[in-house]
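Structure file start.txt with compact mmCIF, C-alpha atoms:
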```txt
# COMPACT_ATOMS: atom_id res chain seq x y z
CA MET A 965 -33.47 -42.15 -144.68
CA ILE A 966 -34.92 -40.40 -141.62
CA GLN A 967 -35.16 -36.63 -142.27
CA LYS A 968 -33.68 -34.38 -139.58
CA ASN A 969 -32.55 -30.88 -138.71
CA ILE A 970 -29.02 -30.18 -139.98
CA TYR A 971 -27.66 -30.10 -136.42
CA ASP A 972 -29.33 -33.32 -135.29
CA PRO A 973 -27.27 -36.50 -134.95
CA PRO A 974 -27.64 -38.66 -138.07
CA SER A 975 -29.42 -42.00 -138.09
CA LEU A 976 -27.47 -45.26 -137.86
CA THR A 977 -27.98 -47.85 -140.59
CA ILE A 978 -26.94 -51.46 -139.96
CA GLY A 979 -27.82 -53.59 -142.96
CA ASP A 980 -31.50 -52.91 -143.63
CA ILE A 981 -32.12 -51.63 -140.10
CA GLU A 982 -32.18 -47.88 -139.48
CA SER A 983 -32.02 -46.43 -135.97
CA ARG A 984 -33.24 -42.85 -135.64
CA LEU A 985 -30.32 -42.07 -133.33
CA PRO A 986 -26.71 -43.32 -133.65
CA ILE A 987 -26.75 -44.55 -130.05
CA ILE A 988 -26.49 -48.18 -128.96
CA GLN A 989 -27.03 -48.93 -125.29
CA GLY A 990 -24.32 -51.35 -124.24
CA GLY A 991 -25.29 -54.83 -123.10
CA MET A 992 -24.43 -55.05 -119.39
CA GLY A 993 -24.52 -58.22 -117.33
CA VAL A 994 -25.39 -59.74 -115.06
CA GLY A 995 -28.99 -58.48 -115.21
CA ILE A 996 -28.17 -54.79 -115.64
CA SER A 997 -29.62 -54.41 -119.12
CA MET A 998 -32.71 -56.53 -119.52
CA SER A 999 -36.03 -55.82 -121.25
CA GLY A 1000 -36.84 -52.81 -119.06
CA LEU A 1001 -33.79 -50.79 -120.07
CA ALA A 1002 -33.50 -52.10 -123.62
CA SER A 1003 -37.11 -51.34 -124.53
CA ALA A 1004 -36.89 -47.83 -123.03
CA VAL A 1005 -33.82 -47.05 -125.15
CA ALA A 1006 -35.48 -48.50 -128.26
CA LYS A 1007 -38.61 -46.40 -127.69
CA ALA A 1008 -36.44 -43.28 -127.31
CA GLY A 1009 -34.89 -43.82 -130.75
CA GLY A 1010 -31.70 -45.70 -129.92
CA ILE A 1011 -30.84 -49.40 -130.06
CA GLY A 1012 -31.63 -51.26 -126.84
CA VAL A 1013 -29.47 -54.24 -125.95
CA LEU A 1014 -30.04 -57.14 -123.56
CA ALA A 1015 -27.08 -58.89 -121.93
CA SER A 1016 -27.55 -62.65 -122.33
CA VAL A 1017 -25.20 -63.82 -119.57
CA LEU A 1018 -27.30 -65.38 -116.77
CA ILE A 1019 -30.30 -63.33 -117.85
CA GLY A 1020 -32.49 -65.84 -116.02
CA ILE A 1021 -31.59 -64.51 -112.55
CA ASN A 1022 -35.20 -63.56 -111.84
CA GLU A 1023 -36.61 -66.96 -112.82
CA LYS A 1024 -37.91 -68.99 -109.87
CA ASP A 1025 -35.71 -71.98 -110.68
CA PHE A 1026 -32.54 -69.99 -111.39
CA TYR A 1027 -30.44 -71.48 -108.58
CA LYS A 1028 -31.71 -74.99 -109.27
CA ASP A 1029 -31.25 -74.80 -113.06
CA PRO A 1030 -29.38 -71.59 -114.02
CA GLN A 1031 -28.79 -72.73 -117.59
CA GLY A 1032 -32.39 -73.68 -118.28
CA ALA A 1033 -33.64 -70.51 -116.59
CA THR A 1034 -31.26 -68.41 -118.72
CA TYR A 1035 -32.36 -70.02 -121.99
CA ARG A 1036 -36.03 -69.54 -121.15
CA ALA A 1037 -35.54 -65.98 -119.91
CA LEU A 1038 -33.52 -64.88 -122.94
CA ALA A 1039 -36.33 -65.72 -125.36
CA LYS A 1040 -38.90 -64.23 -122.96
CA GLN A 1041 -36.94 -61.01 -122.41
CA ILE A 1042 -36.44 -60.44 -126.15
CA LYS A 1043 -40.19 -60.91 -126.69
CA GLU A 1044 -41.03 -58.52 -123.82
CA ALA A 1045 -38.64 -55.86 -125.10
CA LYS A 1046 -39.96 -56.06 -128.65
CA GLU A 1047 -43.58 -55.91 -127.45
CA ALA A 1048 -42.81 -52.88 -125.26
CA ALA A 1049 -41.04 -51.12 -128.18
CA PRO A 1050 -42.84 -52.45 -131.29
CA ASN A 1051 -41.16 -49.96 -133.61
CA GLY A 1052 -37.79 -50.06 -131.87
CA ILE A 1053 -34.60 -52.04 -132.42
CA ILE A 1054 -33.60 -54.71 -129.91
CA GLY A 1055 -30.21 -56.39 -129.82
CA VAL A 1056 -28.53 -58.98 -127.60
CA ASN A 1057 -24.95 -58.98 -126.33
CA ILE A 1058 -23.55 -62.53 -126.26
CA MET A 1059 -19.98 -63.07 -125.08
CA VAL A 1060 -17.75 -65.43 -127.06
CA ALA A 1061 -16.30 -66.64 -123.73
CA LEU A 1062 -19.59 -68.22 -122.64
CA GLN A 1063 -19.70 -72.02 -122.48
CA ASP A 1064 -23.08 -72.08 -124.24
CA TYR A 1065 -22.29 -69.32 -126.74
CA GLU A 1066 -23.70 -71.15 -129.76
CA VAL A 1067 -26.93 -72.10 -127.99
CA LEU A 1068 -27.53 -68.49 -126.91
CA VAL A 1069 -26.91 -67.20 -130.45
CA LYS A 1070 -29.51 -69.62 -131.79
CA ILE A 1071 -32.07 -68.70 -129.11
CA ALA A 1072 -31.58 -64.96 -129.68
CA ALA A 1073 -31.96 -65.25 -133.45
CA GLU A 1074 -35.03 -67.48 -133.23
CA ALA A 1075 -36.62 -65.12 -130.68
CA GLY A 1076 -36.35 -62.27 -133.18
CA ALA A 1077 -33.38 -60.23 -131.95
CA ASP A 1078 -32.63 -57.57 -134.54
CA LEU A 1079 -28.89 -57.85 -133.96
CA ILE A 1080 -26.31 -59.79 -131.97
CA ILE A 1081 -23.33 -57.89 -130.57
CA SER A 1082 -20.47 -60.19 -129.63
CA GLY A 1083 -17.16 -59.64 -127.84
CA ALA A 1084 -15.04 -61.02 -124.95
CA GLY A 1085 -13.14 -62.94 -127.60
CA LEU A 1086 -13.13 -62.73 -131.39
CA PRO A 1087 -16.36 -64.23 -132.79
CA LEU A 1088 -14.73 -65.93 -135.78
CA LYS A 1089 -17.42 -68.61 -136.15
CA LEU A 1090 -20.49 -66.49 -135.34
CA PRO A 1091 -22.10 -66.44 -138.83
CA GLY A 1092 -22.15 -70.24 -138.92
CA MET A 1093 -24.15 -70.37 -135.70
CA LEU A 1094 -27.20 -68.53 -137.02
CA PRO A 1095 -30.26 -70.69 -137.75
CA LYS A 1096 -31.07 -71.06 -141.44
CA GLY A 1097 -33.05 -68.11 -142.77
CA ALA A 1098 -32.31 -65.85 -139.77
CA ASP A 1099 -32.02 -62.17 -140.65
CA THR A 1100 -30.33 -61.16 -137.40
CA LYS A 1101 -27.56 -58.62 -137.99
CA LEU A 1102 -24.12 -59.54 -136.64
CA VAL A 1103 -21.97 -56.92 -134.91
CA PRO A 1104 -18.60 -58.09 -133.50
CA ILE A 1105 -16.66 -56.10 -130.91
CA VAL A 1106 -12.95 -55.51 -131.58
CA SER A 1107 -10.20 -53.49 -129.95
CA SER A 1108 -7.82 -53.10 -132.90
CA GLY A 1109 -7.67 -52.66 -136.65
CA ARG A 1110 -5.88 -55.99 -136.96
CA ALA A 1111 -8.71 -57.81 -135.20
CA ALA A 1112 -11.24 -56.17 -137.54
CA GLN A 1113 -9.19 -57.17 -140.57
CA ILE A 1114 -8.80 -60.80 -139.44
CA LEU A 1115 -12.50 -61.07 -138.70
CA CYS A 1116 -13.64 -59.59 -142.03
CA LYS A 1117 -11.27 -61.87 -143.95
CA ARG A 1118 -12.30 -65.01 -142.05
CA TRP A 1119 -16.03 -64.33 -142.30
CA LYS A 1120 -15.83 -63.69 -146.03
CA GLU A 1121 -13.74 -66.80 -146.70
CA HIS A 1122 -15.78 -69.21 -144.57
CA PHE A 1123 -19.30 -67.77 -144.58
CA ASN A 1124 -19.35 -65.38 -147.56
CA ARG A 1125 -20.50 -62.46 -145.44
CA LEU A 1126 -19.04 -59.42 -143.74
CA PRO A 1127 -19.99 -57.91 -140.38
CA ASP A 1128 -23.12 -55.76 -140.59
CA ALA A 1129 -21.29 -53.29 -138.32
CA ILE A 1130 -18.30 -53.34 -135.98
CA VAL A 1131 -18.08 -51.97 -132.45
CA VAL A 1132 -14.62 -50.68 -131.50
CA GLU A 1133 -14.23 -50.71 -127.73
CA GLY A 1134 -11.54 -48.50 -126.23
CA PRO A 1135 -9.81 -48.87 -122.83
CA LYS A 1136 -12.14 -46.49 -120.96
CA ALA A 1137 -15.07 -48.91 -121.12
CA GLY A 1138 -16.55 -50.75 -118.15
CA GLY A 1139 -16.42 -54.48 -117.57
CA HIS A 1140 -13.97 -56.73 -119.35
CA LEU A 1141 -11.42 -54.94 -121.52
CA GLY A 1142 -9.67 -56.25 -124.61
CA PHE A 1143 -6.28 -54.87 -123.59
CA LYS A 1144 -3.42 -55.73 -121.30
CA ALA A 1145 -3.41 -53.67 -118.11
CA GLU A 1146 -0.24 -51.82 -119.17
CA GLU A 1147 -1.88 -50.77 -122.46
CA LEU A 1148 -4.86 -48.93 -120.98
CA ASP A 1149 -3.23 -45.49 -120.87
CA LEU A 1150 -1.25 -45.66 -124.11
CA PRO A 1151 -2.22 -42.86 -126.54
CA GLU A 1152 -2.40 -45.21 -129.52
CA LYS A 1153 -4.96 -47.38 -127.70
CA GLN A 1154 -7.42 -44.54 -127.07
CA ILE A 1155 -10.75 -44.68 -128.87
CA SER A 1156 -10.05 -41.66 -131.13
CA ASN A 1157 -7.03 -43.47 -132.60
CA LEU A 1158 -8.66 -46.91 -132.65
CA ILE A 1159 -11.61 -45.62 -134.68
CA ILE A 1160 -9.30 -44.34 -137.42
CA GLU A 1161 -7.30 -47.58 -137.33
CA VAL A 1162 -10.39 -49.77 -137.73
CA LEU A 1163 -11.88 -47.55 -140.44
CA LYS A 1164 -8.68 -48.03 -142.46
CA SER A 1165 -8.82 -51.79 -141.91
CA VAL A 1166 -12.41 -52.24 -143.15
CA ARG A 1167 -12.19 -49.80 -146.09
CA PRO A 1168 -10.65 -52.34 -148.53
CA PHE A 1169 -13.43 -54.84 -147.75
CA GLU A 1170 -16.12 -52.19 -148.26
CA ALA A 1171 -14.60 -51.23 -151.62
CA LYS A 1172 -14.05 -54.78 -152.84
CA TYR A 1173 -17.47 -56.16 -151.88
CA GLN A 1174 -19.50 -52.94 -152.21
CA GLN A 1175 -20.87 -53.20 -148.67
CA LYS A 1176 -20.87 -50.52 -146.01
CA ILE A 1177 -19.53 -51.61 -142.61
CA PRO A 1178 -20.48 -48.97 -140.01
CA VAL A 1179 -17.84 -48.58 -137.30
CA ILE A 1180 -19.25 -47.76 -133.85
CA ALA A 1181 -17.20 -46.26 -131.01
CA ALA A 1182 -17.46 -47.52 -127.43
CA GLY A 1183 -15.70 -46.76 -124.15
CA GLY A 1184 -15.53 -43.37 -122.48
CA ILE A 1185 -18.30 -41.72 -124.52
CA TYR A 1186 -20.16 -39.58 -121.99
CA THR A 1187 -21.70 -36.43 -123.51
CA GLY A 1188 -23.43 -35.37 -126.70
CA GLU A 1189 -20.27 -33.42 -127.53
CA ASP A 1190 -18.29 -36.67 -127.20
CA ILE A 1191 -20.67 -38.28 -129.68
CA TYR A 1192 -20.23 -35.41 -132.13
CA ASN A 1193 -16.44 -35.41 -131.86
CA ILE A 1194 -16.02 -39.16 -132.38
CA MET A 1195 -18.44 -39.13 -135.31
CA LYS A 1196 -16.41 -36.35 -136.91
CA LEU A 1197 -13.56 -38.86 -137.04
CA GLY A 1198 -15.71 -41.25 -139.05
CA ALA A 1199 -17.60 -43.29 -136.47
CA ALA A 1200 -21.13 -44.12 -137.60
CA GLY A 1201 -22.42 -44.16 -134.04
CA VAL A 1202 -21.58 -44.87 -130.41
CA GLN A 1203 -22.21 -47.57 -127.83
CA MET A 1204 -22.75 -46.31 -124.27
CA GLY A 1205 -23.17 -48.35 -121.11
CA THR A 1206 -22.34 -46.45 -117.92
CA ARG A 1207 -24.72 -43.57 -118.48
CA PHE A 1208 -27.67 -45.89 -119.01
CA VAL A 1209 -27.11 -47.54 -115.63
CA ALA A 1210 -28.04 -44.22 -114.01
CA THR A 1211 -31.60 -44.34 -115.34
CA HIS A 1212 -34.90 -45.25 -113.70
CA GLU A 1213 -35.49 -47.96 -116.29
CA CYS A 1214 -32.17 -49.76 -115.75
CA ASP A 1215 -32.78 -53.27 -114.43
CA ALA A 1216 -30.16 -53.06 -111.65
CA SER A 1217 -31.11 -52.55 -108.00
CA ASP A 1218 -31.28 -49.09 -106.45
CA LYS A 1219 -28.17 -49.91 -104.38
CA PHE A 1220 -26.25 -50.70 -107.57
CA LYS A 1221 -27.26 -47.35 -109.07
CA GLN A 1222 -26.45 -45.56 -105.81
CA ALA A 1223 -22.90 -46.92 -106.06
CA TYR A 1224 -22.60 -44.98 -109.32
CA LEU A 1225 -23.89 -41.80 -107.69
CA ASP A 1226 -21.48 -42.17 -104.75
CA ALA A 1227 -18.45 -42.99 -106.90
CA LYS A 1228 -15.42 -40.71 -106.83
CA LYS A 1229 -12.68 -40.67 -109.44
CA GLU A 1230 -10.30 -42.53 -107.15
CA ASP A 1231 -12.87 -45.30 -106.62
CA VAL A 1232 -12.50 -46.58 -110.17
CA ASP A 1233 -10.13 -49.53 -110.27
CA ILE A 1234 -8.73 -52.09 -112.71
CA ILE A 1235 -9.29 -55.60 -111.42
CA GLN A 1236 -8.10 -58.95 -112.73
CA SER A 1237 -11.01 -61.14 -113.75
CA PRO A 1238 -10.85 -64.91 -113.14
CA VAL A 1239 -11.00 -65.32 -116.93
CA GLY A 1240 -7.62 -63.61 -117.29
CA MET A 1241 -8.80 -60.25 -118.59
CA PRO A 1242 -8.54 -56.87 -116.87
CA GLY A 1243 -11.84 -55.24 -115.98
CA ARG A 1244 -12.89 -51.80 -114.79
CA ALA A 1245 -14.96 -51.75 -111.61
CA LEU A 1246 -15.61 -49.75 -108.45
CA LYS A 1247 -13.46 -50.48 -105.41
CA GLY A 1248 -15.24 -52.17 -102.54
CA LYS A 1249 -14.95 -54.81 -99.82
CA PHE A 1250 -15.22 -57.65 -102.32
CA THR A 1251 -12.55 -56.35 -104.71
CA GLU A 1252 -10.16 -55.72 -101.81
CA LYS A 1253 -10.63 -59.26 -100.50
CA ALA A 1254 -10.25 -60.68 -103.99
CA LYS A 1255 -6.97 -58.79 -104.48
CA SER A 1256 -5.64 -60.15 -101.21
CA GLY A 1257 -6.62 -63.69 -102.19
CA GLN A 1258 -9.32 -64.13 -99.53
CA LYS A 1259 -12.22 -64.90 -101.88
CA ILE A 1260 -11.95 -68.54 -102.96
CA PRO A 1261 -15.19 -69.97 -104.38
CA LYS A 1262 -16.67 -72.92 -102.48
CA LYS A 1263 -18.50 -74.19 -105.55
CA CYS A 1264 -19.22 -73.43 -109.19
CA GLY A 1265 -22.95 -73.08 -109.66
CA TYR A 1266 -23.03 -71.72 -113.21
CA LYS A 1267 -20.21 -73.15 -115.37
CA CYS A 1268 -20.72 -70.09 -117.54
CA LEU A 1269 -17.29 -69.07 -118.87
CA LYS A 1270 -14.95 -71.20 -120.99
CA PRO A 1271 -11.67 -69.76 -119.57
CA CYS A 1272 -12.77 -70.17 -115.93
CA HIS A 1273 -11.13 -73.21 -114.33
CA TYR A 1274 -12.81 -73.94 -111.01
CA PRO A 1275 -11.56 -74.52 -108.32
CA ASN A 1276 -8.35 -72.71 -109.29
CA THR A 1277 -10.14 -69.42 -110.02
CA PRO A 1278 -9.76 -66.78 -107.26
CA TYR A 1279 -13.49 -66.02 -107.12
CA CYS A 1280 -16.74 -66.71 -108.97
CA ILE A 1281 -17.34 -63.67 -111.14
CA SER A 1282 -20.91 -64.72 -111.97
CA MET A 1283 -21.89 -65.01 -108.32
CA ALA A 1284 -20.23 -61.66 -107.60
CA LEU A 1285 -22.15 -59.93 -110.42
CA VAL A 1286 -25.47 -61.53 -109.45
CA ASN A 1287 -24.97 -60.31 -105.86
CA ALA A 1288 -24.12 -56.80 -107.08
CA GLN A 1289 -27.16 -56.64 -109.38
CA ARG A 1290 -29.34 -57.39 -106.38
CA GLY A 1291 -27.65 -54.77 -104.22
CA ASN A 1292 -25.50 -57.05 -102.04
CA LEU A 1293 -22.34 -55.08 -102.77
CA ASP A 1294 -20.31 -56.60 -99.94
CA ALA A 1295 -20.55 -59.94 -101.73
CA GLY A 1296 -20.00 -58.62 -105.23
CA PHE A 1297 -18.65 -55.74 -107.28
CA VAL A 1298 -19.89 -53.13 -109.72
CA PHE A 1299 -18.48 -52.90 -113.24
CA CYS A 1300 -18.34 -49.33 -114.56
CA GLY A 1301 -16.81 -47.09 -117.22
CA GLU A 1302 -14.00 -44.66 -116.46
CA ASN A 1303 -16.37 -41.68 -116.31
CA VAL A 1304 -18.71 -43.14 -113.68
CA TRP A 1305 -17.60 -40.51 -111.13
CA ARG A 1306 -19.20 -37.80 -113.28
CA ILE A 1307 -22.71 -39.16 -112.71
CA ASP A 1308 -24.68 -37.10 -110.20
CA LYS A 1309 -28.32 -38.05 -110.78
CA ILE A 1310 -30.72 -40.78 -111.81
CA GLN A 1311 -32.91 -39.75 -114.73
CA SER A 1312 -35.25 -41.35 -117.23
CA VAL A 1313 -33.88 -42.85 -120.43
CA GLN A 1314 -35.78 -40.23 -122.42
CA GLU A 1315 -34.23 -37.40 -120.37
CA LEU A 1316 -30.75 -38.85 -120.94
CA ILE A 1317 -31.35 -39.23 -124.69
CA ASP A 1318 -32.68 -35.64 -124.88
CA GLU A 1319 -29.56 -34.41 -123.05
CA LEU A 1320 -27.25 -36.30 -125.41
CA VAL A 1321 -29.06 -35.05 -128.52
CA GLU A 1322 -28.99 -31.45 -127.33
CA GLY A 1323 -25.28 -31.77 -126.48
CA TYR A 1324 -24.63 -33.07 -129.98
CA ARG A 1325 -26.60 -30.20 -131.52
CA GLU A 1326 -24.72 -27.58 -129.52
CA ALA A 1327 -21.37 -29.10 -130.49
CA ALA A 1328 -22.45 -29.09 -134.15
CA ARG A 1329 -23.57 -25.46 -133.96
CA THR A 1330 -20.33 -24.42 -132.26
CA ASP A 1331 -18.27 -26.25 -134.86
CA ASN A 1332 -20.23 -24.59 -137.65
CA ARG A 1333 -19.70 -21.13 -136.14
CA ARG A 1334 -15.97 -21.80 -135.92
CA ALA A 1335 -15.88 -22.90 -139.56
CA ILE A 1336 -17.71 -19.72 -140.66
CA LEU A 1337 -15.35 -17.50 -138.64
CA LYS A 1338 -12.32 -19.27 -140.08
CA SER A 1339 -13.70 -18.92 -143.61
CA ASN A 1340 -14.34 -15.20 -143.09
CA GLU A 1341 -10.82 -14.73 -141.74
CA ARG A 1342 -9.38 -16.35 -144.87
CA VAL A 1343 -11.44 -14.09 -147.11
CA GLU A 1344 -10.27 -11.00 -145.19
CA THR A 1345 -6.64 -12.15 -145.41
CA ILE A 1346 -6.92 -12.66 -149.18
CA GLY A 1347 -8.60 -9.26 -149.57
CA GLN A 1348 -5.87 -7.49 -147.60
CA SER A 1349 -3.09 -9.22 -149.59
CA GLN A 1350 -4.61 -7.92 -152.84
```
Go ahead and render the structure in this file as structure tokens.
Amino acid sequence: MIQKNIYDPPSLTIGDIESRLPIIQGGMGVGISMSGLASAVAKAGGIGVLASVLIGINEKDFYKDPQGATYRALAKQIKEAKEAAPNGIIGVNIMVALQDYEVLVKIAAEAGADLIISGAGLPLKLPGMLPKGADTKLVPIVSSGRAAQILCKRWKEHFNRLPDAIVVEGPKAGGHLGFKAEELDLPEKQISNLIIEVLKSVRPFEAKYQQKIPVIAAGGIYTGEDIYNIMKLGAAGVQMGTRFVATHECDASDKFKQAYLDAKKEDVDIIQSPVGMPGRALKGKFTEKAKSGQKIPKKCGYKCLKPCHYPNTPYCISMALVNAQRGNLDAGFVFCGENVWRIDKIQSVQELIDELVEGYREAARTDNRRAILKSNERVETIGQSQ
């Protein structure tokens, strides 16, 4: 157990891994969170996460052989991140919806990823994909207590293991969302309610099998006070994506980051992805053309997503995200969380982490002062009644 000041955020334990800070940097594709960002977060005390989807975009043969370039780059990027942060924790986000999901899981585990975070579908078969002897921790993403319950039950029955942790992603997250568009504003779907729901769902499994399953909140977490408040509800930690885009170490282009700085509240939009899921992104020329049906892909160069049926899909999401990562925003779009409009500067990862930790401390101090005042008021009331 890492010793800390009483007002510091607690560490996050996932299996036999302990992160000094309860902060996971979300895996953001295409090419937004690679070894540069992930290693910086790991060095600062959080958990850095690579996004596996088309991570080979900077390989020389990417357009000729995107699949081969991605496989090679994933192993290389994990190695680079771990070498840059030798004492840090490095994870990989691998979407269930990817055509080569099982191959990527195997590559990540063999390359030494400390954990695999998996969403965009329920990863029911994930444990069976790990190479024999791999100690990689498995962290599924869910958006309901029912999904958590189904997953725990299935994993235990078929693989005799439980998730090492669970990420609960609420409707304020960026990128693909695990909700119907009409559910995004419902009170019961907000992260504060979902955390409690998932905690209740995993509690019987923890009790029966004597294993702790940390539940991690994601989507809309912006400040250190947000971290404190969600952890008061029982979350073991948080996953944050949007805020880490606005850092010097983020692997996106400067134009991509500038889009975050320029964003206004009314620029945040819900789009329909070609894979049939709603997604949160910034409005732009590409999203407007896509909505009007003008963007029909001429070819499919990646064959990356299982639910994508070219040529019936309205646009190639992979091509759009590759273009955006490189700063060609007219030919792509920028995924973002709901709070993107609050970002007003680019800072280092360490500066962001320091800000979040201090915000958490201040919230903890304030809460403690309130508790003392309330306790004193009760004592005075009792004294007066006597």
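If you measure from each of A:Tyr1192, A:Phe1143, A:Tyr1027, A:Phe1208 to Arg1329 (chain A) using all atoms listed in the file, the closest one turns out to be A:Tyr1192.
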Checklist line | Selection near Leu1079 (chain A), 8 Å with all atoms listed in the file, sequence-local residues under 2 positions removed, as JSON, numbers by chain | finding: {"A": [1054, 1055, 1056, 1077, 1081, 1100, 1101, 1102, 1103]}
Taking a cut-off of 6 Å and counting only C-alpha atoms, can you build a table that, for each residue of region 1034-1148 of chain A near region 1160-1180 of chain A, reports the nearest atom pair and how far apart they are in Å (one decimal), sorted by chain then residue number, as JSON lines?
```
{"residue": "A:Gly1109", "atom": "CA", "partner": "A:Val1162", "partner_atom": "CA", "distance": 4.1}
{"residue": "A:Gln1113", "atom": "CA", "partner": "A:Ser1165", "partner_atom": "CA", "distance": 5.6}
{"residue": "A:Asp1128", "atom": "CA", "partner": "A:Ile1177", "partner_atom": "CA", "distance": 5.8}
{"residue": "A:Ala1129", "atom": "CA", "partner": "A:Pro1178", "partner_atom": "CA", "distance": 4.7}
{"residue": "A:Ile1130", "atom": "CA", "partner": "A:Val1179", "partner_atom": "CA", "distance": 5.0}
{"residue": "A:Val1131", "atom": "CA", "partner": "A:Ile1180", "partner_atom": "CA", "distance": 4.6}
{"residue": "A:Val1132", "atom": "CA", "partner": "A:Ile1180", "partner_atom": "CA", "distance": 6.0}
```
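Taking CA of Ile987 (chain A) and CA of Gln1203 (chain A) as the two end points, the separation is 5.9 Å.
Residue nearest Asp1190 (chain A) within the list A:Ala1295, A:Leu1018, A:Ile1281, A:Met1204: A:Met1204 [criterion: smallest interatomic distance, all atoms listed in the file].
Distances to Glu1302 (chain A) were evaluated for A:Asp1231, A:Gly1184, A:Ala1328, A:Ala1335 using only C-alpha atoms, and the minimum falls at A:Gly1184.
The environment of Gly1020 (chain A) within 7 Å, counting all atoms listed in the file and disregarding residues fewer than 3 places along the same chain, consists of Glu1023, Phe1026, Pro1030, Ala1033, Thr1034 and Ala1037 of chain A.
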Next item on the list: Please indicate the distance in Å from CA of Arg1118 (chain A) to CA of Pro1087 (chain A), rounded to one decimal place.
Entry: 10.1 Å
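Considering the residues A:Ile978, A:Ala1181, A:Leu1337, A:Ala1045 and counting only C-alpha atoms, Ile1105 (chain A) has its shortest atom-to-atom contact with A:Ala1181.
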